[in-house]
>>> print(open('query-v2.txt').read())   # compact mmCIF, C-alpha atoms
# COMPACT_ATOMS: atom_id res chain seq x y z
CA MET A 1181 -37.86 -35.11 15.96
CA TYR A 1182 -35.43 -32.22 16.68
CA THR A 1183 -35.37 -29.39 14.19
CA HIS A 1184 -34.35 -25.76 14.35
CA GLU A 1185 -37.98 -24.87 13.81
CA ASN A 1186 -39.08 -26.89 16.84
CA LEU A 1187 -36.37 -25.39 19.00
CA LEU A 1188 -37.21 -21.88 17.84
CA GLU A 1189 -40.91 -22.42 18.53
CA GLY A 1190 -40.16 -23.50 22.11
CA LEU A 1191 -37.83 -20.56 22.68
CA MET A 1192 -40.38 -18.09 21.34
CA GLN A 1193 -43.04 -19.52 23.61
CA ALA A 1194 -40.72 -19.11 26.61
CA LEU A 1195 -39.99 -15.54 25.54
CA ARG A 1196 -43.68 -14.68 25.70
CA TYR A 1197 -43.61 -15.41 29.42
CA SER A 1198 -40.26 -13.61 29.92
CA PRO A 1199 -39.98 -10.99 27.16
CA LYS A 1200 -36.84 -9.30 28.50
CA ASN A 1201 -34.90 -12.42 29.37
CA PRO A 1202 -31.27 -11.80 28.13
CA PRO A 1203 -30.18 -15.46 27.71
CA LEU A 1204 -33.38 -16.21 25.79
CA LEU A 1205 -32.90 -13.26 23.45
CA ARG A 1206 -29.30 -14.26 22.72
CA THR A 1207 -30.17 -17.92 22.21
CA ILE A 1208 -32.99 -17.05 19.79
CA GLY A 1209 -30.53 -14.92 17.86
CA ASN A 1210 -28.08 -17.84 17.73
CA VAL A 1211 -30.72 -20.23 16.40
CA LEU A 1212 -31.84 -17.74 13.76
CA VAL A 1213 -28.21 -17.34 12.63
CA GLU A 1214 -27.92 -21.12 12.26
CA MET A 1215 -31.07 -21.00 10.13
CA GLU A 1216 -29.48 -18.14 8.12
CA ARG A 1217 -32.34 -15.82 9.03
CA TYR A 1218 -29.90 -13.02 9.68
CA GLU A 1219 -32.21 -10.02 9.58
CA GLU A 1220 -34.46 -11.50 12.26
CA ALA A 1221 -31.45 -12.57 14.32
CA SER A 1222 -30.06 -9.05 14.38
CA SER A 1223 -33.22 -7.70 16.04
CA TYR A 1224 -32.92 -10.16 18.95
CA TYR A 1225 -29.22 -9.44 19.42
CA ARG A 1226 -29.98 -5.72 19.44
CA GLU A 1227 -32.69 -6.26 22.05
CA HIS A 1228 -30.27 -8.20 24.21
CA LEU A 1229 -27.54 -5.56 23.87
CA SER A 1230 -29.98 -2.86 24.91
CA ILE A 1231 -30.20 -4.73 28.23
CA GLU A 1232 -26.61 -5.99 28.48
CA PRO A 1233 -24.54 -3.68 26.23
CA ASP A 1234 -21.22 -5.40 27.02
CA CYS A 1235 -22.24 -8.92 26.08
CA VAL A 1236 -19.42 -10.23 23.85
CA GLN A 1237 -21.42 -13.15 22.44
CA SER A 1238 -24.30 -10.96 21.29
CA LYS A 1239 -21.88 -8.50 19.68
CA LEU A 1240 -20.35 -11.44 17.83
CA GLY A 1241 -23.80 -12.68 16.83
CA LEU A 1242 -24.84 -9.22 15.65
CA GLY A 1243 -21.65 -8.89 13.61
CA THR A 1244 -22.33 -12.29 12.04
CA SER A 1245 -25.88 -11.19 11.24
CA PHE A 1246 -24.65 -7.99 9.61
CA CYS A 1247 -22.18 -10.02 7.55
CA GLY A 1248 -24.98 -12.36 6.48
CA THR A 1249 -27.11 -9.46 5.25
CA GLY A 1250 -24.24 -7.79 3.42
CA ARG A 1251 -23.80 -4.94 5.89
CA VAL A 1252 -20.04 -5.38 5.86
CA ASN A 1253 -19.01 -1.99 7.24
CA GLU A 1254 -21.24 -2.36 10.29
CA ALA A 1255 -19.92 -5.88 10.81
CA TRP A 1256 -16.34 -4.58 10.70
CA VAL A 1257 -17.06 -2.07 13.47
CA LEU A 1258 -18.15 -4.87 15.81
CA THR A 1259 -15.33 -7.15 14.70
CA GLU A 1260 -12.71 -4.50 15.40
CA GLU A 1261 -14.21 -3.94 18.84
CA LEU A 1262 -14.05 -7.66 19.59
CA MET A 1263 -10.52 -8.05 18.21
CA ALA A 1264 -9.37 -5.32 20.58
CA LEU A 1265 -10.22 -7.57 23.54
CA LYS A 1266 -7.38 -9.37 25.30
CA ASN A 1267 -8.88 -12.75 24.38
CA PRO A 1268 -11.36 -12.40 21.51
CA PRO A 1269 -13.79 -15.29 21.05
CA PRO A 1270 -12.30 -17.73 18.49
CA ALA A 1271 -15.34 -17.26 16.26
CA THR A 1272 -14.33 -13.61 15.86
CA TYR A 1273 -11.50 -14.76 13.57
CA LEU A 1274 -14.01 -16.73 11.54
CA LEU A 1275 -16.21 -13.65 11.18
CA LYS A 1276 -13.13 -11.69 10.16
CA ALA A 1277 -12.35 -14.28 7.48
CA ARG A 1278 -15.91 -14.02 6.14
CA LEU A 1279 -15.68 -10.24 5.97
CA HIS A 1280 -12.38 -10.34 4.10
CA ALA A 1281 -13.89 -12.89 1.69
CA ALA A 1282 -16.92 -10.63 1.19
CA GLU A 1283 -14.50 -7.85 0.19
CA LYS A 1284 -12.64 -10.30 -2.12
CA ASN A 1285 -9.55 -9.91 0.03
CA TYR A 1286 -8.83 -13.61 -0.20
CA GLU A 1287 -5.31 -13.68 1.18
CA GLU A 1288 -6.39 -11.95 4.38
CA ALA A 1289 -9.40 -14.28 4.54
CA GLN A 1290 -7.02 -17.20 4.54
CA TYR A 1291 -4.87 -15.77 7.33
CA ALA A 1292 -7.93 -15.04 9.47
CA TYR A 1293 -9.43 -18.47 8.82
CA GLN A 1294 -6.17 -20.14 9.81
CA ALA A 1295 -6.15 -18.07 13.01
CA ALA A 1296 -9.70 -19.24 13.73
CA LEU A 1297 -8.70 -22.89 13.38
CA ASP A 1298 -5.58 -22.33 15.48
CA THR A 1299 -7.70 -21.00 18.36
CA ASP A 1300 -10.53 -23.52 17.91
CA PRO A 1301 -9.95 -26.54 15.59
CA LEU A 1302 -13.69 -27.21 15.55
CA LEU A 1303 -14.46 -23.99 13.73
CA HIS A 1304 -15.17 -24.67 10.06
CA ASP A 1305 -16.81 -22.83 7.20
CA ALA A 1306 -17.20 -24.72 3.93
CA ASN A 1307 -17.50 -21.54 1.85
CA ILE A 1308 -14.34 -20.03 3.30
CA GLU A 1309 -12.48 -23.30 2.83
CA LYS A 1310 -13.39 -23.27 -0.86
CA VAL A 1311 -11.81 -19.87 -1.15
CA VAL A 1312 -8.67 -20.35 0.93
CA HIS A 1313 -7.81 -23.85 -0.21
CA GLY A 1314 -8.31 -23.20 -3.88
CA ILE A 1315 -11.32 -25.48 -4.38
CA SER A 1316 -13.12 -22.60 -6.04
CA ALA A 1317 -10.05 -21.08 -7.73
CA LYS A 1318 -11.74 -21.43 -11.12
CA THR A 1319 -14.63 -19.34 -9.83
CA LEU A 1320 -12.31 -16.66 -8.45
CA ASN A 1321 -10.10 -16.71 -11.56
CA PRO A 1322 -11.66 -18.29 -14.67
CA ASP A 1323 -8.25 -18.32 -16.35
CA ALA A 1324 -6.56 -20.20 -13.49
CA THR A 1325 -4.93 -23.56 -14.18
CA ASP A 1326 -5.97 -26.66 -12.28
CA ASP A 1327 -2.77 -26.41 -10.26
CA VAL A 1328 -3.48 -23.32 -8.18
CA PHE A 1329 -0.15 -23.70 -6.39
CA LEU A 1330 1.98 -23.15 -9.50
CA ASP A 1331 5.52 -22.11 -8.61
CA LYS A 1332 6.02 -18.44 -9.56
CA GLU A 1333 9.81 -18.25 -9.18
CA THR A 1334 10.42 -18.56 -12.91
CA ASP A 1335 7.72 -16.00 -13.63
CA ILE A 1336 9.20 -13.54 -11.14
CA GLU A 1337 12.69 -13.86 -12.57
CA ALA A 1338 11.42 -13.45 -16.12
CA TYR A 1339 9.44 -10.38 -15.07
CA LEU A 1340 12.44 -8.79 -13.42
CA GLU A 1341 14.72 -9.56 -16.37
CA LYS A 1342 12.45 -7.45 -18.56
CA LEU A 1343 12.43 -4.51 -16.16
CA ILE A 1344 16.12 -4.21 -15.29
CA ALA A 1345 16.97 -1.23 -17.49
CA PRO A 1346 18.77 1.75 -15.91
CA SER A 1347 18.87 4.55 -18.46
CA ILE A 1348 19.18 7.94 -16.74
CA THR A 1349 21.38 9.63 -14.14
CA PHE A 1350 20.94 12.50 -11.69
CA THR A 1351 21.59 14.93 -14.56
CA GLU A 1352 18.11 14.16 -15.87
CA VAL A 1353 16.49 14.79 -12.48
CA GLY A 1354 15.27 18.36 -12.05
CA GLY A 1355 15.84 19.76 -8.56
CA MET A 1356 15.78 17.32 -5.61
CA GLY A 1357 19.31 18.35 -4.60
CA TYR A 1358 18.93 17.25 -0.97
CA VAL A 1359 17.47 13.89 -1.96
CA LYS A 1360 20.24 13.24 -4.48
CA GLU A 1361 22.92 14.15 -1.94
CA GLU A 1362 21.48 11.79 0.68
CA ILE A 1363 21.42 8.93 -1.82
CA ARG A 1364 24.94 9.80 -2.98
CA GLN A 1365 26.24 9.64 0.60
CA LYS A 1366 24.36 6.47 1.43
CA ILE A 1367 25.13 4.26 -1.55
CA ILE A 1368 26.96 5.87 -4.48
CA LEU A 1369 30.10 7.11 -2.70
CA PRO A 1370 30.54 3.95 -0.59
CA TYR A 1371 30.29 1.93 -3.78
CA LYS A 1372 32.66 4.08 -5.85
CA HIS A 1373 35.21 4.54 -3.04
CA ARG A 1374 34.96 1.13 -1.42
CA ASN A 1375 38.50 1.03 0.01
CA ILE A 1376 38.12 4.30 1.92
CA TYR A 1377 34.78 3.34 3.38
CA GLU A 1378 35.83 -0.20 4.28
CA SER A 1379 38.86 1.15 6.13
CA TYR A 1380 36.36 2.73 8.52
CA GLY A 1381 34.14 -0.35 8.65
CA LYS A 1382 31.50 1.12 6.36
CA LYS A 1383 29.89 -1.08 3.71
CA ALA A 1384 28.04 0.00 0.60
CA GLY A 1385 24.34 -0.63 0.79
CA GLY A 1386 21.37 0.02 3.01
CA GLY A 1387 17.84 1.28 2.91
CA ILE A 1388 16.25 4.62 2.07
CA LEU A 1389 12.56 5.42 2.29
CA LEU A 1390 11.24 8.23 0.12
CA TYR A 1391 7.89 9.76 0.99
CA GLY A 1392 5.86 12.61 -0.35
CA PRO A 1393 2.98 13.53 -2.65
CA PRO A 1394 2.37 11.29 -5.67
CA GLY A 1395 3.94 12.33 -8.93
CA CYS A 1396 6.91 14.17 -7.43
CA GLY A 1397 9.68 11.95 -8.77
CA LYS A 1398 10.19 9.14 -6.24
CA THR A 1399 10.20 6.47 -8.94
CA TYR A 1400 12.26 8.66 -11.25
CA ILE A 1401 14.97 9.15 -8.62
CA ALA A 1402 15.18 5.36 -8.20
CA ARG A 1403 15.89 4.97 -11.91
CA ALA A 1404 18.49 7.73 -11.79
CA THR A 1405 20.19 6.17 -8.76
CA ALA A 1406 20.67 2.91 -10.63
CA GLY A 1407 22.07 4.90 -13.54
CA GLU A 1408 24.52 6.75 -11.28
CA MET A 1409 25.82 3.39 -10.02
CA ASN A 1410 25.84 1.91 -13.50
CA GLY A 1411 23.94 -0.88 -11.81
CA ASN A 1412 20.70 -2.77 -12.18
CA LEU A 1413 17.30 -1.38 -11.34
CA ILE A 1414 14.83 -3.93 -10.00
CA PRO A 1415 11.43 -2.26 -9.55
CA VAL A 1416 8.90 -4.30 -7.60
CA GLY A 1417 5.19 -3.56 -7.44
CA ILE A 1418 3.03 -4.93 -4.68
CA HIS A 1419 1.19 -7.21 -7.13
CA GLU A 1420 4.43 -9.09 -7.88
CA ILE A 1421 4.60 -10.18 -4.25
CA LEU A 1422 1.16 -10.76 -2.80
CA GLU A 1423 -0.69 -14.01 -3.29
CA MET A 1424 -3.63 -15.49 -1.45
CA TRP A 1425 -1.86 -18.66 -0.31
CA ILE A 1426 -0.16 -18.75 3.08
CA GLY A 1427 3.60 -18.68 2.64
CA LYS A 1428 3.59 -17.86 -1.07
CA SER A 1429 3.90 -14.09 -0.63
CA GLU A 1430 6.81 -14.53 1.73
CA LYS A 1431 8.46 -16.95 -0.69
CA ASN A 1432 8.02 -14.49 -3.56
CA LEU A 1433 9.56 -11.70 -1.48
CA HIS A 1434 12.56 -13.86 -0.57
CA GLU A 1435 13.07 -14.85 -4.21
CA ILE A 1436 13.09 -11.20 -5.32
CA PHE A 1437 15.76 -10.36 -2.73
CA GLU A 1438 17.82 -13.37 -3.84
CA ILE A 1439 17.63 -12.27 -7.47
CA ALA A 1440 18.73 -8.76 -6.44
CA ARG A 1441 21.70 -10.17 -4.49
CA ARG A 1442 22.83 -11.99 -7.62
CA ARG A 1443 22.70 -8.75 -9.62
CA THR A 1444 24.66 -6.32 -7.50
CA PRO A 1445 25.33 -3.47 -7.74
CA CYS A 1446 21.64 -2.79 -7.91
CA VAL A 1447 18.76 -0.72 -6.66
CA LEU A 1448 15.88 -2.84 -5.40
CA PHE A 1449 12.96 -0.45 -5.55
CA PHE A 1450 9.64 -1.09 -3.78
CA ASP A 1451 6.84 1.21 -4.81
CA GLU A 1452 3.79 1.65 -2.56
CA ALA A 1453 5.79 0.34 0.40
CA ASP A 1454 2.94 1.16 2.78
CA ALA A 1455 0.85 -1.56 1.12
CA LEU A 1456 3.55 -4.17 1.68
CA GLY A 1457 4.62 -2.98 5.11
CA SER A 1458 1.39 -1.78 6.65
CA ASN A 1459 1.35 -1.40 10.40
CA ARG A 1460 1.07 -4.75 12.14
CA SER A 1461 -1.44 -3.29 14.59
CA ASP A 1462 -3.85 -2.59 11.73
CA MET A 1463 -6.65 -5.07 12.49
CA LYS A 1464 -7.86 -5.49 8.93
CA ARG A 1465 -4.35 -6.31 7.70
CA ASN A 1466 -3.51 -8.69 10.54
CA GLY A 1467 -2.36 -11.42 8.15
CA SER A 1468 0.25 -9.11 6.69
CA ARG A 1469 2.45 -9.57 9.73
CA TYR A 1470 3.99 -12.65 8.10
CA ILE A 1471 4.97 -10.67 5.03
CA ILE A 1472 6.24 -7.78 7.17
CA ASN A 1473 8.39 -10.12 9.26
CA GLN A 1474 9.83 -11.66 6.09
CA PHE A 1475 10.57 -8.20 4.71
CA LEU A 1476 12.33 -7.22 7.94
CA ALA A 1477 14.42 -10.39 7.86
CA GLU A 1478 15.47 -9.65 4.29
CA LEU A 1479 16.36 -6.06 5.16
CA ASP A 1480 18.46 -7.27 8.08
CA GLY A 1481 20.28 -9.70 5.78
CA LEU A 1482 19.96 -12.49 8.34
CA ASP A 1483 20.61 -15.25 5.83
CA ALA A 1484 22.53 -13.33 3.15
CA GLU A 1485 24.58 -10.17 2.63
CA ASN A 1486 22.93 -7.07 1.17
CA GLU A 1487 26.22 -5.38 0.30
CA ASP A 1488 26.23 -3.24 -2.86
CA MET A 1489 22.45 -3.32 -2.86
CA LEU A 1490 20.45 -0.20 -2.15
CA ILE A 1491 16.96 -1.02 -0.99
CA LEU A 1492 14.91 1.98 -1.97
CA ALA A 1493 11.22 2.29 -1.15
CA ALA A 1494 8.63 4.92 -1.90
CA THR A 1495 5.34 5.68 -0.25
CA ASN A 1496 2.67 8.34 -0.35
CA ALA A 1497 1.49 7.34 3.14
CA PRO A 1498 4.44 6.90 5.54
CA TRP A 1499 2.05 7.04 8.50
CA HIS A 1500 0.78 3.58 7.50
CA LEU A 1501 4.25 2.00 7.52
CA ASP A 1502 5.19 -0.24 10.45
CA GLU A 1503 7.64 1.58 12.71
CA ALA A 1504 9.94 -1.47 12.71
CA PHE A 1505 10.97 -0.50 9.17
CA ARG A 1506 12.49 2.72 10.49
CA ARG A 1507 15.04 1.09 12.79
CA PRO A 1508 18.79 1.51 12.08
CA GLY A 1509 20.04 -0.86 9.41
CA ARG A 1510 16.68 -0.98 7.67
CA PHE A 1511 15.19 2.19 6.21
CA ASP A 1512 17.40 4.36 8.40
CA ARG A 1513 17.21 7.28 5.98
CA ILE A 1514 13.68 8.62 5.62
CA ILE A 1515 13.59 11.44 3.11
CA PHE A 1516 10.75 13.82 2.33
CA VAL A 1517 10.38 14.39 -1.41
CA PRO A 1518 8.40 17.65 -1.58
CA PRO A 1519 6.68 19.15 -4.59
CA PRO A 1520 9.32 20.74 -6.82
CA ASP A 1521 10.16 24.36 -6.01
CA ARG A 1522 10.25 27.06 -8.69
CA ASP A 1523 13.80 26.32 -9.87
CA ALA A 1524 13.08 22.60 -9.90
CA ARG A 1525 9.87 23.16 -11.88
CA ALA A 1526 11.81 25.22 -14.41
CA ALA A 1527 14.40 22.44 -14.71
CA ILE A 1528 11.71 19.78 -15.11
CA ILE A 1529 9.91 21.78 -17.81
CA GLU A 1530 13.19 22.27 -19.66
CA ILE A 1531 13.87 18.52 -19.53
CA LEU A 1532 10.35 17.68 -20.70
CA LEU A 1533 10.65 20.08 -23.65
CA ARG A 1534 14.21 19.09 -24.53
CA ASP A 1535 13.31 16.65 -27.30
CA ILE A 1536 10.69 18.89 -28.93
CA GLU A 1537 12.31 20.53 -31.93
CA ASN A 1538 9.25 22.48 -33.05
CA LYS A 1539 9.19 25.13 -30.31
CA GLU A 1540 9.97 28.80 -29.81
CA ASP A 1541 12.19 30.17 -27.09
CA ILE A 1542 10.50 29.42 -23.78
CA SER A 1543 10.98 31.22 -20.46
CA TYR A 1544 11.08 28.23 -18.12
CA GLN A 1545 11.26 30.44 -15.04
CA LEU A 1546 8.18 32.40 -16.10
CA LEU A 1547 6.22 29.19 -16.58
CA ALA A 1548 7.53 27.84 -13.28
CA ARG A 1549 6.06 30.89 -11.51
CA LYS A 1550 2.65 30.03 -12.94
CA THR A 1551 2.75 26.40 -11.80
CA LYS A 1552 3.12 26.63 -8.03
CA GLY A 1553 2.11 23.40 -6.34
CA PHE A 1554 2.50 21.34 -9.51
CA SER A 1555 4.12 17.93 -9.20
CA GLY A 1556 6.42 16.55 -11.87
CA ALA A 1557 3.48 14.51 -13.12
CA ASP A 1558 1.32 17.65 -13.29
CA LEU A 1559 3.99 19.38 -15.37
CA ASN A 1560 4.13 16.39 -17.69
CA SER A 1561 0.35 16.66 -18.13
CA LEU A 1562 0.74 20.35 -18.91
CA ILE A 1563 3.26 19.60 -21.68
CA ASP A 1564 1.05 16.83 -23.08
CA LEU A 1565 -1.95 19.19 -23.22
CA ALA A 1566 0.10 21.81 -25.05
CA LYS A 1567 1.32 19.18 -27.53
CA GLN A 1568 -2.19 17.91 -28.15
CA ALA A 1569 -3.50 21.44 -28.72
CA LYS A 1570 -0.83 22.07 -31.36
CA ILE A 1571 -1.51 18.72 -33.04
CA THR A 1572 -5.24 19.49 -33.17
CA GLU A 1573 -4.49 22.92 -34.62
CA ALA A 1574 -2.22 21.38 -37.28
CA MET A 1575 -4.87 18.82 -38.20
CA ASN A 1576 -7.50 21.53 -38.59
CA THR A 1577 -5.40 24.07 -40.49
CA GLY A 1578 -3.16 21.77 -42.46
CA LYS A 1579 0.02 23.36 -41.14
CA GLY A 1580 1.89 23.12 -37.87
CA SER A 1581 3.24 25.93 -35.75
CA PRO A 1582 5.83 25.74 -32.97
CA ILE A 1583 4.87 25.46 -29.32
CA ASN A 1584 5.22 28.86 -27.69
CA GLN A 1585 4.98 30.44 -24.25
CA GLN A 1586 1.27 31.19 -24.56
CA ASP A 1587 0.49 27.57 -25.50
CA LEU A 1588 2.12 26.37 -22.31
CA THR A 1589 0.50 29.09 -20.21
CA ASN A 1590 -2.93 28.14 -21.57
CA ALA A 1591 -2.25 24.47 -20.83
CA ALA A 1592 -1.21 25.34 -17.26
CA LYS A 1593 -4.67 26.80 -16.64
CA LEU A 1594 -6.23 23.42 -17.42
CA VAL A 1595 -4.17 21.45 -14.89
CA ARG A 1596 -5.09 21.40 -11.23
CA PRO A 1597 -2.13 21.04 -8.82
CA SER A 1598 -2.34 17.56 -7.35
CA THR A 1599 -0.13 18.05 -4.29
CA LYS A 1600 -2.40 20.26 -2.17
CA GLU A 1601 -4.71 17.54 -0.88
CA TRP A 1602 -1.75 15.38 0.13
CA LEU A 1603 -0.11 18.27 1.95
CA LYS A 1604 -3.31 19.03 3.88
CA LYS A 1605 -3.47 15.43 5.08
CA ALA A 1606 0.25 15.28 5.83
CA LYS A 1607 -0.06 18.48 7.85
CA GLN A 1608 -2.45 16.77 10.26
CA TYR A 1609 -0.01 13.91 10.85
CA ALA A 1610 2.88 16.34 11.22
CA LEU A 1611 0.97 18.35 13.83
CA PHE A 1612 -0.63 15.56 15.83
CA ALA A 1613 1.31 12.33 15.17
CA ASN A 1614 4.89 13.51 14.83
CA GLU A 1615 6.60 11.03 17.15
CA GLY A 1616 10.35 11.57 17.26
CA GLY A 1617 10.08 14.48 14.84
CA LEU A 1618 9.55 12.13 11.90
CA TYR A 1619 7.56 14.71 9.94
CA ASN A 1620 9.54 17.82 10.85
CA GLU A 1621 10.51 18.21 7.20
CA ILE A 1622 6.85 18.59 6.29
CA LEU A 1623 6.39 21.32 8.90
CA GLU A 1624 9.49 23.12 7.63
CA TYR A 1625 8.21 22.91 4.06
CA LEU A 1626 4.77 24.24 5.07
CA LYS A 1627 6.29 27.31 6.75
CA THR A 1628 7.18 28.68 3.33
CA ASN A 1629 4.52 26.82 1.33
CA PRO A 1630 1.28 27.00 3.35
CA VAL A 1631 -1.79 25.12 2.16
>>> encode(input="query-v2.txt", output="structure tokens")
Amino acid sequence: MYTHENLLEGLMQALRYSPKNPPLLRTIGNVLVEMERYEEASSYYREHLSIEPDCVQSKLGLGTSFCGTGRVNEAWVLTEELMALKNPPPATYLLKARLHAAEKNYEEAQYAYQAALDTDPLLHDANIEKVVHGISAKTLNPDATDDVFLDKETDIEAYLEKLIAPSITFTEVGGMGYVKEEIRQKIILPYKHRNIYESYGKKAGGGILLYGPPGCGKTYIARATAGEMNGNLIPVGIHEILEMWIGKSEKNLHEIFEIARRRTPCVLFFDEADALGSNRSDMKRNGSRYIINQFLAELDGLDAENEDMLILAATNAPWHLDEAFRRPGRFDRIIFVPPPDRDARAAIIEILLRDIENKEDISYQLLARKTKGFSGADLNSLIDLAKQAKITEAMNTGKGSPINQQDLTNAAKLVRPSTKEWLKKAKQYALFANEGGLYNEILEYLKTNPV
């Protein structure tokens, strides 16, 4: 009677007579993988690769063994190497699906598993199928309903209804003069002076990508832009779009654009755009190409007009964004939002302290000089620390005293500027990956603000 044990025993006996036989070593590894004895299998694949280092099948077997023993990072290294081949073995996609599932990246697991079946319909994995087809949805999400394919359109619209609330204008934005002027030229003036622009064939609308360190006002400027237009703000986080089912993320994205088109004038604001539009050559995010292609189609307005709709996106990592997004008609304005300069910091501090009645006269410029490298978020933390210190003092003494210059100076010493690490990383991209001068603004900024 045939069993894996019998086959393995025969192969091991043959190996004793030919201990360095490459096909035998690889075949033993394959049998051990089928028996789920992954640790043992890896040793035979390694032995084979020491003799034939370019053997694709043994690399695939070793990657599968690593995956089986939970050594996911090592398995990814081999998988990436195999995926770089002109024609990767179909089982490589299956291994990729298993690795994504091991990392609980279920949507990408589904895309990879579908790719495996497309290249070889005989490839199947019951565990992966449970994940990607929703059989184990209750396990993945104990609160899930029995219908894992619930239509989210109503949920999306309800979510957006709650968040459409423009409330500020550029007056409330400290500094950022260049950024505000670019946005004014791109969307606000064409909207307010439609007849003049249309006489020259120029429509209101388009795309602007804001990039820079976190906490420097990219989201705030989106809110202010909507306020300047007296239009709707529709902020969209990545979690409102992505789902694990093939086609659902694209459908969600299309629905959001349709809602925005029905609410013009509006600013459709995508935060963390690099997560939604990651480079299609990124092996681990291969499945995202469908979402990226859908996003590009929506930006191009292939099926509907995007007039009177500014599509604004923000990212802290523009180097991860697919270059197709930067073509004319899409995000054709790419604007660096640097850390606020001294005057901007002074303006931000003044705005943050505006509603505090219990304060002494404050020298905003003096405080701005002591907060070099601070982002807007850092300055907000500074103010919060000063407030908390005064509240604690009032609770302890039974009487409150106004916030003064020294309180704010003391608070500034407790906050570490958050922009420096980002600038160090951005500097490397600006120096060594600055195709077409995309990051020239960073280099110009660093000339006067070295890190």
>>> closest_residue(input="query-v2.txt", among="A:Leu1492, A:Ala1557, A:Cys1446, A:Leu1433", to="A:Ile1471", atoms="only C-alpha atoms")
A:Leu1433
>>> residues_around(input="query-v2.txt", residues="stretch 1188-1193 of chain A", least_positions_apart="2", cutoff="12 Å", atoms="only C-alpha atoms", output="JSON list (two decimals) with C-alpha atoms, in the frame of the given file")
[["chain", "number", "residue", "atom", "x", "y", "z"],
["A", 1182, "TYR", "CA", -35.43, -32.22, 16.68],
["A", 1183, "THR", "CA", -35.37, -29.39, 14.19],
["A", 1184, "HIS", "CA", -34.35, -25.76, 14.35],
["A", 1185, "GLU", "CA", -37.98, -24.87, 13.81],
["A", 1186, "ASN", "CA", -39.08, -26.89, 16.84],
["A", 1195, "LEU", "CA", -39.99, -15.54, 25.54],
["A", 1196, "ARG", "CA", -43.68, -14.68, 25.70],
["A", 1197, "TYR", "CA", -43.61, -15.41, 29.42],
["A", 1198, "SER", "CA", -40.26, -13.61, 29.92],
["A", 1199, "PRO", "CA", -39.98, -10.99, 27.16],
["A", 1200, "LYS", "CA", -36.84, -9.30, 28.50],
["A", 1201, "ASN", "CA", -34.90, -12.42, 29.37],
["A", 1203, "PRO", "CA", -30.18, -15.46, 27.71],
["A", 1204, "LEU", "CA", -33.38, -16.21, 25.79],
["A", 1205, "LEU", "CA", -32.90, -13.26, 23.45],
["A", 1206, "ARG", "CA", -29.30, -14.26, 22.72],
["A", 1207, "THR", "CA", -30.17, -17.92, 22.21],
["A", 1208, "ILE", "CA", -32.99, -17.05, 19.79],
["A", 1209, "GLY", "CA", -30.53, -14.92, 17.86],
["A", 1210, "ASN", "CA", -28.08, -17.84, 17.73],
["A", 1211, "VAL", "CA", -30.72, -20.23, 16.40],
["A", 1212, "LEU", "CA", -31.84, -17.74, 13.76],
["A", 1213, "VAL", "CA", -28.21, -17.34, 12.63],
["A", 1214, "GLU", "CA", -27.92, -21.12, 12.26],
["A", 1215, "MET", "CA", -31.07, -21.00, 10.13],
["A", 1217, "ARG", "CA", -32.34, -15.82, 9.03],
["A", 1221, "ALA", "CA", -31.45, -12.57, 14.32],
["A", 1224, "TYR", "CA", -32.92, -10.16, 18.95]]
>>> residues_around(input="query-v2.txt", residues="A:Ile1367", least_positions_apart="2", cutoff="9 Å", atoms="all atoms listed in the file", output="PDB file with C-alpha atoms, in the frame of the given file")
ATOM      1  CA  GLU A1362      21.480  11.790   0.680  1.00  0.00           C
ATOM      2  CA  ILE A1363      21.420   8.930  -1.820  1.00  0.00           C
ATOM      3  CA  ARG A1364      24.940   9.800  -2.980  1.00  0.00           C
ATOM      4  CA  GLN A1365      26.240   9.640   0.600  1.00  0.00           C
ATOM      5  CA  LEU A1369      30.100   7.110  -2.700  1.00  0.00           C
ATOM      6  CA  PRO A1370      30.540   3.950  -0.590  1.00  0.00           C
ATOM      7  CA  TYR A1371      30.290   1.930  -3.780  1.00  0.00           C
ATOM      8  CA  LYS A1372      32.660   4.080  -5.850  1.00  0.00           C
ATOM      9  CA  LYS A1383      29.890  -1.080   3.710  1.00  0.00           C
ATOM     10  CA  ALA A1384      28.040   0.000   0.600  1.00  0.00           C
ATOM     11  CA  GLY A1385      24.340  -0.630   0.790  1.00  0.00           C
ATOM     12  CA  GLY A1386      21.370   0.020   3.010  1.00  0.00           C
ATOM     13  CA  THR A1405      20.190   6.170  -8.760  1.00  0.00           C
ATOM     14  CA  MET A1409      25.820   3.390 -10.020  1.00  0.00           C
ATOM     15  CA  ASP A1488      26.230  -3.240  -2.860  1.00  0.00           C
ATOM     16  CA  MET A1489      22.450  -3.320  -2.860  1.00  0.00           C
ATOM     17  CA  LEU A1490      20.450  -0.200  -2.150  1.00  0.00           C
TER      18      LEU A1490
END
>>> atom_distance(input="query-v2.txt", atom1="atom CA of A:Ala1292", atom2="atom CA of A:Ala1255")
15.1 Å
>>> atom_distance(input="query-v2.txt", atom1="atom CA of A:Thr1259", atom2="atom CA of A:Thr1272")
6.6 Å
>>> atom_distance(input="query-v2.txt", atom1="atom CA of A:Gly1248", atom2="atom CA of A:Asp1300")
21.5 Å
>>> residues_around(input="query-v2.txt", residues="A:Asp1512", least_positions_apart="6", cutoff="10 Å", atoms="only C-alpha atoms", output="count of residues only")
6
>>> closest_residue(input="query-v2.txt", among="A:Asn1375, A:Phe1516, A:Leu1229, A:Ala1295", to="A:Lys1360", atoms="all atoms listed in the file")
A:Phe1516
